[in-house]
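J.: Okay, so here is my_file-v4.txt, and as you'll see once you scroll down, it has compact mmCIF, C-alpha atoms.
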# COMPACT_ATOMS: atom_id res chain seq x y z
CA MET G 1 5.03 -7.91 -46.25
CA THR G 2 4.45 -4.16 -46.19
CA PRO G 3 6.87 -2.36 -43.83
CA VAL G 4 5.44 -0.52 -40.82
CA THR G 5 6.82 2.20 -38.57
CA ILE G 6 6.99 1.50 -34.83
CA GLU G 7 5.33 4.27 -32.86
CA SER G 8 5.83 3.19 -29.24
CA LEU G 9 6.20 0.24 -26.89
CA ASP G 10 3.36 -1.51 -25.07
CA GLN G 11 3.42 -2.80 -21.48
CA GLU G 12 5.03 -6.06 -22.61
CA GLY G 13 7.89 -4.30 -24.41
CA ARG G 14 6.47 -4.96 -27.89
CA GLY G 15 6.65 -2.41 -30.65
CA VAL G 16 3.29 -0.87 -31.56
CA ALA G 17 2.41 -0.04 -35.16
CA HIS G 18 -0.78 0.54 -37.16
CA PHE G 19 -1.59 -0.96 -40.52
CA GLU G 20 -4.88 -1.01 -42.43
CA GLY G 21 -6.90 -0.11 -39.35
CA LYS G 22 -5.26 -2.70 -37.14
CA VAL G 23 -2.90 -2.36 -34.22
CA ILE G 24 0.17 -4.56 -34.72
CA PHE G 25 2.14 -5.61 -31.62
CA ILE G 26 5.60 -6.65 -32.80
CA GLU G 27 8.08 -8.42 -30.54
CA GLY G 28 11.67 -7.27 -30.98
CA ALA G 29 10.80 -3.96 -32.67
CA LEU G 30 11.62 -0.56 -31.18
CA PRO G 31 10.17 2.95 -31.50
CA GLY G 32 11.26 4.81 -34.65
CA GLU G 33 12.15 1.63 -36.51
CA VAL G 34 10.76 0.58 -39.88
CA VAL G 35 10.32 -3.20 -39.92
CA THR G 36 8.58 -6.10 -41.55
CA TYR G 37 6.83 -8.59 -39.32
CA ASN G 38 5.53 -12.13 -39.17
CA SER G 39 2.13 -12.48 -37.52
CA TYR G 40 1.41 -15.44 -35.28
CA ARG G 41 -2.00 -14.37 -33.98
CA LYS G 42 -4.60 -12.39 -35.90
CA LYS G 43 -7.80 -10.77 -34.65
CA PRO G 44 -10.16 -8.35 -36.40
CA SER G 45 -8.66 -5.27 -34.72
CA PHE G 46 -5.12 -6.34 -33.80
CA GLU G 47 -2.32 -8.77 -34.51
CA PHE G 48 0.59 -10.20 -32.54
CA ALA G 49 3.79 -10.64 -34.52
CA GLN G 50 7.52 -11.14 -34.41
CA VAL G 51 9.90 -8.74 -36.07
CA GLY G 52 11.13 -9.78 -39.51
CA GLN G 53 13.62 -7.46 -41.18
CA ILE G 54 14.71 -4.19 -39.58
CA LEU G 55 14.76 -1.80 -42.54
CA LYS G 56 15.54 1.27 -40.45
CA GLN G 57 17.16 0.81 -37.07
CA GLY G 58 16.09 2.91 -34.09
CA ALA G 59 18.54 5.17 -32.28
CA GLY G 60 18.04 3.30 -29.01
CA ARG G 61 18.87 -0.19 -30.28
CA VAL G 62 21.89 -1.82 -28.65
CA THR G 63 23.47 -5.27 -28.71
CA PRO G 64 22.06 -7.33 -25.81
CA GLN G 65 24.69 -8.03 -23.17
CA CYS G 66 23.30 -11.47 -22.30
CA PRO G 67 24.15 -14.32 -24.71
CA TYR G 68 20.80 -15.96 -23.86
CA PHE G 69 18.65 -12.96 -24.79
CA GLY G 70 15.87 -14.15 -27.06
CA LEU G 71 15.98 -17.67 -25.65
CA CYS G 72 15.46 -16.87 -21.97
CA GLY G 73 12.14 -15.28 -21.06
CA GLY G 74 13.55 -13.37 -18.10
CA CYS G 75 14.25 -10.15 -20.03
CA SER G 76 12.48 -8.63 -23.01
CA MET G 77 14.18 -5.23 -23.46
CA GLN G 78 17.94 -5.78 -23.47
CA HIS G 79 18.00 -4.66 -27.10
CA LEU G 80 16.98 -1.15 -25.99
CA ASP G 81 19.42 1.27 -24.34
CA ALA G 82 18.84 1.37 -20.56
CA ARG G 83 18.10 5.12 -20.55
CA ALA G 84 15.63 4.69 -23.40
CA GLN G 85 13.93 1.92 -21.41
CA VAL G 86 13.21 4.39 -18.63
CA ALA G 87 11.77 6.92 -21.08
CA ALA G 88 9.59 4.23 -22.66
CA LYS G 89 8.24 3.23 -19.25
CA GLN G 90 7.48 6.85 -18.41
CA ARG G 91 5.49 7.11 -21.63
CA ILE G 92 3.60 3.91 -20.81
CA LEU G 93 2.62 5.38 -17.43
CA GLU G 94 1.50 8.68 -18.96
CA ASP G 95 -0.45 6.90 -21.73
CA ASN G 96 -2.30 4.73 -19.21
CA LEU G 97 -3.21 7.73 -17.09
CA LYS G 98 -4.38 9.61 -20.17
CA HIS G 99 -6.42 6.88 -21.84
CA ILE G 100 -7.75 4.96 -18.82
CA ALA G 101 -8.03 7.60 -16.10
CA LYS G 102 -8.47 10.63 -18.39
CA VAL G 103 -6.05 12.55 -16.21
CA ALA G 104 -2.54 13.94 -16.47
CA PRO G 105 -0.22 14.56 -13.52
CA GLU G 106 0.49 18.20 -12.76
CA MET G 107 4.17 17.29 -12.46
CA ILE G 108 6.21 14.44 -13.91
CA LEU G 109 8.58 13.21 -11.23
CA PRO G 110 12.19 12.56 -12.24
CA ALA G 111 12.54 8.87 -13.03
CA ILE G 112 14.25 6.72 -10.42
CA HIS G 113 16.84 4.45 -12.01
CA GLY G 114 20.24 2.99 -11.23
CA GLU G 115 22.50 0.05 -12.01
CA ALA G 116 21.01 -1.97 -14.86
CA TRP G 117 22.97 -5.22 -14.34
CA GLY G 118 23.36 -7.63 -11.45
CA TYR G 119 20.53 -5.96 -9.53
CA ARG G 120 18.23 -8.86 -8.64
CA GLN G 121 18.27 -9.73 -4.96
CA ARG G 122 15.39 -12.15 -5.42
CA ALA G 123 14.70 -14.67 -8.17
CA ARG G 124 12.76 -17.89 -8.65
CA LEU G 125 14.83 -20.25 -10.76
CA SER G 126 13.14 -23.24 -12.34
CA VAL G 127 14.78 -26.66 -12.31
CA ARG G 128 14.33 -29.43 -14.87
CA HIS G 129 16.08 -32.77 -15.20
CA VAL G 130 16.42 -33.32 -18.95
CA PHE G 131 17.12 -37.02 -19.22
CA LYS G 132 17.82 -36.86 -22.97
CA LYS G 133 20.69 -34.46 -22.25
CA ASN G 134 21.60 -36.21 -19.00
CA LYS G 135 21.63 -32.76 -17.48
CA VAL G 136 19.78 -30.69 -14.89
CA LEU G 137 18.94 -27.17 -16.07
CA VAL G 138 18.63 -24.31 -13.57
CA GLY G 139 17.41 -20.95 -14.83
CA PHE G 140 14.41 -19.06 -16.14
CA HIS G 141 11.86 -20.43 -18.57
CA GLU G 142 12.34 -20.01 -22.28
CA ARG G 143 10.20 -17.33 -23.92
CA LYS G 144 6.60 -18.53 -24.30
CA SER G 145 7.55 -21.97 -23.14
CA ARG G 146 7.37 -24.22 -20.11
CA TYR G 147 10.88 -25.45 -20.85
CA VAL G 148 13.79 -24.21 -18.77
CA ALA G 149 16.36 -22.28 -20.77
CA ASP G 150 19.75 -23.95 -21.07
CA MET G 151 21.78 -21.06 -19.66
CA GLY G 152 25.13 -20.83 -17.92
CA SER G 153 24.86 -17.29 -16.60
CA CYS G 154 22.40 -14.46 -15.97
CA GLU G 155 23.36 -10.81 -16.36
CA ILE G 156 20.67 -9.42 -14.04
CA LEU G 157 21.67 -11.65 -11.12
CA PRO G 158 24.65 -10.59 -9.00
CA PRO G 159 27.78 -12.19 -10.52
CA ARG G 160 28.34 -14.47 -7.53
CA ILE G 161 24.83 -15.92 -7.95
CA SER G 162 25.01 -16.05 -11.74
CA ALA G 163 28.16 -18.14 -11.36
CA LEU G 164 26.17 -20.74 -9.42
CA LEU G 165 23.73 -21.69 -12.19
CA LEU G 166 25.86 -24.45 -13.68
CA PRO G 167 27.23 -25.72 -10.32
CA LEU G 168 23.66 -25.88 -8.98
CA GLY G 169 22.60 -27.98 -11.97
CA GLU G 170 25.54 -30.30 -11.39
CA LEU G 171 24.74 -30.54 -7.67
CA ILE G 172 21.07 -31.37 -8.22
CA ALA G 173 21.99 -33.94 -10.87
CA ARG G 174 23.94 -35.85 -8.19
CA LEU G 175 21.02 -35.95 -5.76
CA SER G 176 18.91 -39.08 -5.41
CA ILE G 177 15.86 -36.83 -5.95
CA SER G 178 17.26 -35.00 -8.99
CA ASP G 179 13.91 -35.26 -10.79
CA ARG G 180 12.00 -34.14 -7.68
CA VAL G 181 13.51 -30.68 -7.28
CA ALA G 182 11.15 -28.09 -8.79
CA GLN G 183 12.85 -24.76 -8.22
CA VAL G 184 15.55 -22.82 -6.42
CA GLU G 185 14.44 -19.53 -4.91
CA VAL G 186 17.18 -16.93 -4.48
CA SER G 187 16.86 -14.53 -1.56
CA LEU G 188 19.81 -12.27 -0.78
CA GLY G 189 20.30 -10.25 2.38
CA GLU G 190 22.89 -7.84 3.71
CA ALA G 191 25.06 -10.62 5.17
CA VAL G 192 23.80 -13.94 3.80
CA ASP G 193 22.80 -15.50 0.46
CA VAL G 194 19.92 -17.94 0.85
CA LEU G 195 18.90 -20.59 -1.69
CA VAL G 196 15.55 -22.25 -1.03
CA LEU G 197 15.41 -25.73 -2.56
CA ARG G 198 11.86 -26.78 -3.45
CA ASN G 199 12.19 -30.49 -2.79
CA LEU G 200 9.17 -32.63 -3.68
CA ALA G 201 10.68 -35.65 -1.91
CA ALA G 202 12.79 -36.16 1.19
CA LEU G 203 16.57 -36.01 0.94
CA ALA G 204 18.64 -39.10 1.53
CA GLU G 205 21.64 -38.87 3.86
CA PRO G 206 24.18 -38.66 0.99
CA ASP G 207 22.08 -35.81 -0.48
CA GLU G 208 22.38 -33.87 2.74
CA SER G 209 26.16 -34.27 2.69
CA LEU G 210 26.31 -32.94 -0.87
CA LEU G 211 24.22 -29.88 0.03
CA LYS G 212 26.34 -29.10 3.08
CA ALA G 213 29.56 -29.32 1.09
CA PHE G 214 28.11 -27.05 -1.62
CA ALA G 215 26.99 -24.51 0.98
CA ASP G 216 30.42 -24.43 2.58
CA ARG G 217 32.19 -24.14 -0.76
CA HIS G 218 30.04 -21.29 -2.10
CA ARG G 219 29.23 -19.56 1.21
CA ILE G 220 25.47 -19.77 0.92
CA GLN G 221 22.72 -21.03 3.21
CA PHE G 222 20.27 -23.70 2.06
CA TYR G 223 16.62 -23.76 3.05
CA LEU G 224 14.38 -26.70 2.17
CA GLN G 225 10.76 -26.24 1.14
CA PRO G 226 8.85 -29.55 1.04
CA LYS G 227 5.41 -27.99 0.34
CA GLY G 228 4.09 -24.41 0.23
CA PRO G 229 6.14 -21.26 0.94
CA ASP G 230 5.28 -21.38 4.65
CA THR G 231 6.99 -24.78 4.97
CA ALA G 232 10.46 -23.45 4.07
CA TYR G 233 12.96 -23.94 6.88
CA PRO G 234 16.73 -23.48 7.30
CA PHE G 235 18.70 -26.63 6.52
CA TYR G 236 22.39 -25.67 6.57
CA PRO G 237 24.23 -23.92 8.03
CA LEU G 238 22.02 -23.25 11.03
CA ASP G 239 24.30 -20.55 12.43
CA ALA G 240 24.18 -18.33 9.32
CA ALA G 241 23.69 -14.59 9.64
CA GLN G 242 20.16 -13.25 9.84
CA LEU G 243 18.48 -12.57 6.49
CA ASN G 244 17.61 -8.88 6.38
CA TYR G 245 17.85 -5.67 4.40
CA THR G 246 18.48 -2.14 5.60
CA LEU G 247 17.17 1.37 4.97
CA PRO G 248 20.16 3.38 6.23
CA GLU G 249 18.54 6.76 5.64
CA PHE G 250 15.92 5.85 8.25
CA ASP G 251 18.22 3.79 10.49
CA LEU G 252 16.16 0.65 9.89
CA THR G 253 17.01 -3.04 9.68
CA LEU G 254 14.22 -5.31 8.45
CA PRO G 255 14.64 -9.08 8.90
CA PHE G 256 12.59 -11.29 6.57
CA HIS G 257 11.93 -14.92 5.71
CA PRO G 258 13.30 -15.96 2.29
CA THR G 259 9.84 -16.72 0.87
CA GLU G 260 8.28 -13.45 2.09
CA PHE G 261 7.81 -10.60 -0.37
CA THR G 262 10.55 -7.99 -0.57
CA GLN G 263 11.55 -5.83 -3.52
CA VAL G 264 13.93 -7.55 -5.95
CA ASN G 265 16.08 -4.43 -6.32
CA ALA G 266 17.37 -3.37 -2.91
CA LEU G 267 19.09 -0.16 -4.06
CA MET G 268 16.05 1.05 -6.00
CA ASN G 269 13.85 0.22 -3.02
CA ARG G 270 15.89 2.58 -0.86
CA VAL G 271 15.40 5.42 -3.34
CA LEU G 272 11.71 4.58 -3.73
CA VAL G 273 11.17 4.72 0.03
CA ARG G 274 12.92 8.10 0.14
CA ARG G 275 10.72 9.41 -2.68
CA ALA G 276 7.56 8.09 -1.02
CA MET G 277 8.46 9.79 2.27
CA GLN G 278 9.17 13.07 0.50
CA LEU G 279 5.76 12.95 -1.16
CA LEU G 280 3.83 11.78 1.91
CA ASP G 281 5.68 14.21 4.22
CA PRO G 282 4.65 12.46 7.46
CA GLN G 283 4.65 14.67 10.54
CA ALA G 284 4.77 13.92 14.25
CA GLY G 285 1.26 13.75 15.64
CA GLU G 286 -0.39 12.68 12.40
CA ARG G 287 -2.29 9.41 12.06
CA ILE G 288 -1.37 7.62 8.83
CA ALA G 289 -2.50 4.36 7.21
CA ASP G 290 -0.22 2.06 5.22
CA PHE G 291 -2.42 -0.24 3.14
CA PHE G 292 -0.78 -3.45 1.84
CA CYS G 293 2.03 -2.81 4.30
CA GLY G 294 3.89 -6.12 3.90
CA LEU G 295 6.67 -6.42 6.45
CA GLY G 296 6.81 -2.68 7.09
CA ASN G 297 8.87 -1.38 4.17
CA PHE G 298 7.05 1.97 4.21
CA THR G 299 5.35 1.74 7.62
CA LEU G 300 8.56 1.93 9.61
CA PRO G 301 10.04 4.92 7.72
CA ILE G 302 6.73 6.72 8.28
CA ALA G 303 6.91 5.87 11.97
CA ARG G 304 10.42 7.34 12.17
CA SER G 305 8.82 10.75 11.61
CA GLY G 306 6.89 10.42 14.87
CA ALA G 307 3.55 9.84 13.15
CA SER G 308 1.22 7.13 14.38
CA VAL G 309 0.94 4.45 11.69
CA VAL G 310 -1.50 1.59 11.17
CA GLY G 311 -0.37 -1.06 8.68
CA TYR G 312 -2.88 -3.39 7.00
CA GLU G 313 -1.96 -6.66 5.30
CA ASP G 314 -3.91 -9.82 4.44
CA SER G 315 -1.18 -12.23 5.56
CA GLY G 316 -1.06 -13.06 9.22
CA ALA G 317 2.59 -14.09 8.89
CA LEU G 318 3.50 -10.70 7.38
CA VAL G 319 1.53 -8.85 10.04
CA LYS G 320 3.56 -10.65 12.69
CA ARG G 321 6.78 -9.99 10.78
CA ALA G 322 5.95 -6.28 10.51
CA ALA G 323 5.20 -6.06 14.24
CA ASP G 324 8.46 -7.86 15.04
CA ASN G 325 10.34 -5.47 12.74
CA ALA G 326 8.76 -2.51 14.51
CA ALA G 327 9.90 -3.91 17.85
CA ARG G 328 13.38 -4.62 16.42
CA ASN G 329 13.67 -0.94 15.49
CA ASN G 330 12.07 0.45 18.69
CA LEU G 331 8.96 1.65 16.86
CA SER G 332 6.23 -0.41 18.54
CA ALA G 333 4.88 2.60 20.43
CA ASN G 334 3.61 4.38 17.33
CA THR G 335 2.83 1.43 15.02
CA ASN G 336 -0.01 -1.05 14.86
CA PHE G 337 -0.47 -3.85 12.34
CA LEU G 338 -3.79 -5.47 11.47
CA GLU G 339 -4.70 -8.42 9.28
CA LYS G 340 -7.27 -7.59 6.61
CA ASN G 341 -8.12 -8.69 3.06
CA LEU G 342 -8.13 -5.23 1.50
CA PHE G 343 -9.69 -6.52 -1.73
CA ALA G 344 -12.82 -7.06 0.35
CA ALA G 345 -12.67 -3.70 2.14
CA THR G 346 -16.12 -2.30 2.83
CA HIS G 347 -17.50 1.04 3.89
CA GLU G 348 -18.56 -0.44 7.22
CA TRP G 349 -15.11 -1.86 7.95
CA LEU G 350 -13.38 1.39 7.02
CA THR G 351 -15.74 3.36 9.23
CA LYS G 352 -14.41 1.51 12.25
CA GLN G 353 -10.81 2.41 11.44
CA GLY G 354 -11.21 6.08 12.31
CA HIS G 355 -9.68 9.13 10.69
CA PHE G 356 -6.35 9.19 8.88
CA ASP G 357 -4.52 12.39 7.97
CA LYS G 358 -2.66 10.73 5.09
CA ILE G 359 -2.46 7.29 3.54
CA LEU G 360 0.00 5.23 1.56
CA ILE G 361 -1.18 2.44 -0.75
CA ASP G 362 1.19 -0.20 -2.12
CA PRO G 363 -1.00 -2.92 -3.68
CA PRO G 364 -0.09 -5.90 -5.85
CA ARG G 365 -0.78 -5.88 -9.60
CA ASP G 366 -4.56 -6.03 -9.09
CA GLY G 367 -4.55 -2.55 -7.61
CA ALA G 368 -6.78 -1.25 -4.82
CA LEU G 369 -10.14 -0.50 -6.42
CA GLU G 370 -12.42 -1.42 -3.50
CA LEU G 371 -10.26 0.59 -1.15
CA VAL G 372 -10.14 3.79 -3.19
CA LYS G 373 -13.87 3.59 -3.92
CA SER G 374 -14.48 4.02 -0.19
CA LEU G 375 -12.15 6.92 0.53
CA GLY G 376 -14.20 9.97 -0.37
CA ASN G 377 -17.83 9.10 0.33
CA THR G 378 -20.00 11.71 2.02
CA ASP G 379 -19.69 9.95 5.36
CA SER G 380 -16.30 8.54 4.49
CA PRO G 381 -14.79 6.15 7.02
CA LEU G 382 -11.58 8.13 6.83
CA SER G 383 -13.33 11.46 7.36
CA ARG G 384 -14.24 13.47 10.40
CA LYS G 385 -16.14 16.68 10.99
CA ARG G 386 -13.96 19.69 11.70
CA GLU G 387 -15.82 22.75 12.96
CA ARG G 388 -14.95 26.08 11.45
CA VAL G 389 -15.29 29.25 13.47
CA GLY G 390 -18.53 30.99 12.56
CA GLU G 391 -19.98 27.96 10.75
CA ARG G 392 -22.89 25.96 12.05
CA GLU G 393 -22.04 22.92 10.02
CA GLY G 394 -18.65 21.23 10.00
CA ARG G 395 -16.99 20.08 6.81
CA GLU G 396 -15.79 16.61 5.91
CA GLU G 397 -12.05 16.20 6.26
CA THR G 398 -10.62 13.30 4.29
CA PRO G 399 -6.91 12.38 4.04
CA SER G 400 -5.04 15.38 2.70
CA ARG G 401 -2.76 13.29 0.51
CA ILE G 402 -2.42 9.78 -0.83
CA VAL G 403 0.84 8.27 -2.02
CA TYR G 404 0.16 5.32 -4.32
CA ILE G 405 2.97 2.89 -5.18
CA SER G 406 2.09 0.76 -8.20
CA CYS G 407 3.56 -2.20 -10.05
CA ASN G 408 0.90 -2.05 -12.80
CA PRO G 409 0.22 1.24 -14.62
CA ALA G 410 -3.15 0.00 -15.89
CA THR G 411 -4.61 -0.62 -12.43
CA LEU G 412 -2.98 2.56 -11.11
CA ALA G 413 -4.73 4.48 -13.89
CA ARG G 414 -8.04 2.77 -13.16
CA ASP G 415 -7.80 3.68 -9.47
CA ALA G 416 -6.57 7.19 -10.30
CA GLY G 417 -9.74 7.72 -12.30
CA VAL G 418 -11.81 6.95 -9.21
CA LEU G 419 -9.72 9.15 -6.94
CA VAL G 420 -9.83 12.12 -9.32
CA HIS G 421 -13.29 11.94 -10.88
CA THR G 422 -15.26 10.50 -7.95
CA GLN G 423 -13.39 11.19 -4.75
CA GLY G 424 -12.29 14.75 -5.38
CA TYR G 425 -8.50 14.38 -5.39
CA HIS G 426 -6.17 15.75 -8.01
CA LEU G 427 -3.11 13.97 -9.36
CA SER G 428 -0.28 16.22 -8.25
CA ALA G 429 2.65 14.13 -9.46
CA ALA G 430 3.62 10.78 -10.93
CA GLY G 431 6.77 9.09 -12.16
CA VAL G 432 8.38 5.74 -12.81
CA VAL G 433 10.83 3.64 -10.84
CA ASN G 434 12.98 1.33 -12.95
CA MET G 435 12.86 -1.48 -10.41
CA PHE G 436 13.31 -4.15 -13.11
CA PRO G 437 15.78 -2.98 -15.80
CA HIS G 438 15.63 -4.87 -19.12
CA THR G 439 12.09 -6.09 -18.44
CA ALA G 440 8.81 -4.46 -19.41
CA HIS G 441 7.75 -4.24 -15.77
CA VAL G 442 6.72 -0.67 -14.86
CA GLU G 443 6.87 0.41 -11.22
CA SER G 444 5.60 3.89 -10.44
CA VAL G 445 4.67 6.28 -7.66
CA ALA G 446 1.87 8.85 -7.68
CA LEU G 447 0.75 11.63 -5.34
CA PHE G 448 -2.92 12.58 -4.96
CA GLU G 449 -3.92 15.66 -2.97
CA ARG G 450 -7.08 17.40 -1.90
Would you give me this structure, written as structure tokens?
T.:
Amino acid sequence: MTPVTIESLDQEGRGVAHFEGKVIFIEGALPGEVVTYNSYRKKPSFEFAQVGQILKQGAGRVTPQCPYFGLCGGCSMQHLDARAQVAAKQRILEDNLKHIAKVAPEMILPAIHGEAWGYRQRARLSVRHVFKKNKVLVGFHERKSRYVADMGSCEILPPRISALLLPLGELIARLSISDRVAQVEVSLGEAVDVLVLRNLAALAEPDESLLKAFADRHRIQFYLQPKGPDTAYPFYPLDAAQLNYTLPEFDLTLPFHPTEFTQVNALMNRVLVRRAMQLLDPQAGERIADFFCGLGNFTLPIARSGASVVGYEDSGALVKRAADNAARNNLSANTNFLEKNLFAATHEWLTKQGHFDKILIDPPRDGALELVKSLGNTDSPLSRKRERVGEREGREETPSRIVYISCNPATLARDAGVLVHTQGYHLSAAGVVNMFPHTAHVESVALFER
């Protein structure tokens, strides 16, 4: 096999090379390396491959800290130095903006990054009773497999939770429904560690005793989830501390349900919120929209400024949670939360929402295309006429700035193209947030201004 030189990393953490007119995506290869590869999928213009021999090692290559790296599918970049991971993600963001949106930010924001190990406050661990091994496995799936990795620890979970993987497997193996437990969802708060047991059958009385003893021994709280996420309920102990996280800089405490969405990296979330507020610069008296507001992660810090904030979310449960969180933090007077499927946002619906001085958008991976397509129309729903002295006609005033939080650089770039080339904004700044160290996941924040 002819050696190739790795030029960059793609969004899945694979090395990218070119050979004979094809793009070769090579798992396990890093920028600057010269490698051979073994293809497992071939198309006319590209191939997917696994690294063969590393003939020239890249400067950023390190020995993975986790003994299960390569088997477990939870991480794909532990073989790359943590600082180099951040640089690679910044390049991925810039490349997406350049090639998809045809724009470049006027300023590259300093990357937000922090502790690379033990950072996950949330995780969904799969469970599988392997009868041939007479063992219950608890962990992440193997790479490209539906099987659960046989792992005894996890370096990106907090050590106290990592230490529970084997004991959890042993506990579930003793239950009468050991083959009817599908997953364990980890949700950690400021004062309580919650494990949500996805039980596909009812517990017997001896099972309940085993769970209670485990909870007491390891100082965790069990929830049971017999069906969908909204069926999860506290099982034991019932007097545990409230599950919440805090944003000390804004004097906020946000309670949440263990199956509701919160960021997996609590420390990075605090820095991200600070960065978003610096970019948005909310002022008292302004009217601001927070689209895809969730339980108020950005809405409430905006409200602390004295601005009037309207949060939109498609989940009725999250809308209620956000309103409760506003009340909990004495911010009900200048917040309002509305239920809306923002993927179906229309010009007519936006018209009824009135004018907003600024907006923040924090969508899921699919982005916010329908929303951004409506922002800068001639009779934009977010616009109003402002009369100028000496002018007969007023001018349209649309939001002066948009802060866009993204967990997918491709959809951010797509939406940025609309905002810049159609809606008349310019991309003032953009940068990455290393919310998920050792994975290829790219979180980013961008500022658009008139």
J.: If you count all atoms listed in the file, which residues fall within 10 Å of Asn265 of chain G, apart from same-chain ones fewer than 5 positions away, as number ranges by chain?
T.: G: 114-115, 118-122, 270, 434-437
J.: Output C-alpha atoms of each residue in that selection to a file, as a PDB file, in the coordinates of the input.
T.:
ATOM      1  CA  GLY G 114      20.240   2.990 -11.230  1.00  0.00           C
ATOM      2  CA  GLU G 115      22.500   0.050 -12.010  1.00  0.00           C
ATOM      3  CA  GLY G 118      23.360  -7.630 -11.450  1.00  0.00           C
ATOM      4  CA  TYR G 119      20.530  -5.960  -9.530  1.00  0.00           C
ATOM      5  CA  ARG G 120      18.230  -8.860  -8.640  1.00  0.00           C
ATOM      6  CA  GLN G 121      18.270  -9.730  -4.960  1.00  0.00           C
ATOM      7  CA  ARG G 122      15.390 -12.150  -5.420  1.00  0.00           C
ATOM      8  CA  ARG G 270      15.890   2.580  -0.860  1.00  0.00           C
ATOM      9  CA  ASN G 434      12.980   1.330 -12.950  1.00  0.00           C
ATOM     10  CA  MET G 435      12.860  -1.480 -10.410  1.00  0.00           C
ATOM     11  CA  PHE G 436      13.310  -4.150 -13.110  1.00  0.00           C
ATOM     12  CA  PRO G 437      15.780  -2.980 -15.800  1.00  0.00           C
TER      13      PRO G 437
END
J.: Of the candidates G:Arg275, G:His438, G:Lys56, G:Lys227, which one gets nearest to Lys89 of chain G if we count all atoms listed in the file?
T.: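 Ranking G:Arg275, G:His438, G:Lys56, G:Lys227 by distance to Lys89 of chain G, first place goes to G:His438.
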J.: So that I can check the surroundings of Val127 of chain G, please list as a list of chain:residue names every protein, DNA and RNA residue that reaches within 9 Å of it, counting all atoms listed in the file and ignoring chain neighbours fewer than 3 positions away.
T.: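 The filter keeps G:Val136, G:Leu137, G:Val138, G:Gly139, G:Phe140, G:Val148, G:Gly169, G:Ile172, G:Asp179, G:Val181, G:Ala182, G:Gln183, G:Val184.
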J.: Those selected residues, please, written with C-alpha atoms and delivered as a PDB file, in the frame of the given file.
T.:
ATOM      1  CA  VAL G 136      19.780 -30.690 -14.890  1.00  0.00           C
ATOM      2  CA  LEU G 137      18.940 -27.170 -16.070  1.00  0.00           C
ATOM      3  CA  VAL G 138      18.630 -24.310 -13.570  1.00  0.00           C
ATOM      4  CA  GLY G 139      17.410 -20.950 -14.830  1.00  0.00           C
ATOM      5  CA  PHE G 140      14.410 -19.060 -16.140  1.00  0.00           C
ATOM      6  CA  VAL G 148      13.790 -24.210 -18.770  1.00  0.00           C
ATOM      7  CA  GLY G 169      22.600 -27.980 -11.970  1.00  0.00           C
ATOM      8  CA  ILE G 172      21.070 -31.370  -8.220  1.00  0.00           C
ATOM      9  CA  ASP G 179      13.910 -35.260 -10.790  1.00  0.00           C
ATOM     10  CA  VAL G 181      13.510 -30.680  -7.280  1.00  0.00           C
ATOM     11  CA  ALA G 182      11.150 -28.090  -8.790  1.00  0.00           C
ATOM     12  CA  GLN G 183      12.850 -24.760  -8.220  1.00  0.00           C
ATOM     13  CA  VAL G 184      15.550 -22.820  -6.420  1.00  0.00           C
TER      14      VAL G 184
END
J.: Write out as a list in words each polymer residue whose atoms come within 10 Å of Phe19 of chain G, counting all atoms listed in the file; drop sequence neighbours fewer than 5 positions from it.
T.: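 Listing them by chain and then by number gives Thr2, Pro3, Val4, Thr5, Ile24, Phe46 and Glu47 of chain G.
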J.: Ranking G:Leu338, G:Ala82, G:Ala204, G:Ile177 by minimum distance to Arg61 of chain G and counting only C-alpha atoms, which one comes first?
T.: G:Ala82
J.: Using only C-alpha atoms, can you tell me which of G:Glu185, G:Asp81, G:Asp150, G:Glu170 comes closest to Arg124 of chain G?
T.: G:Glu185
J.: Any chance you could tabulate, as a Markdown table, the residues of segment 170-283 of chain G at most 8 Å from segment 394-416 of chain G with each one's nearest atom pair and distance in Å to one decimal, using only C-alpha atoms, in chain and rising number order?
T.:
| residue | atom | partner | partner_atom | distance |
| --- | --- | --- | --- | --- |
| G:Ala276 | CA | G:Val403 | CA | 6.8 |
| G:Leu279 | CA | G:Val403 | CA | 6.8 |
| G:Leu280 | CA | G:Val403 | CA | 6.1 |
J.: Report the distance between atom CA of Leu375 of chain G and atom CA of Ala345 of chain G in Å, rounded to one decimal place.
T.: 10.8 Å
J.: So, with all atoms listed in the file as the atoms that count, which of G:Ser145, G:Asn325, G:Gln263, G:Ser153 lies closest to Gly189 of chain G?
T.: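 Checking each of G:Ser145, G:Asn325, G:Gln263, G:Ser153 against Gly189 of chain G, counting all atoms listed in the file, the winner is G:Gln263.
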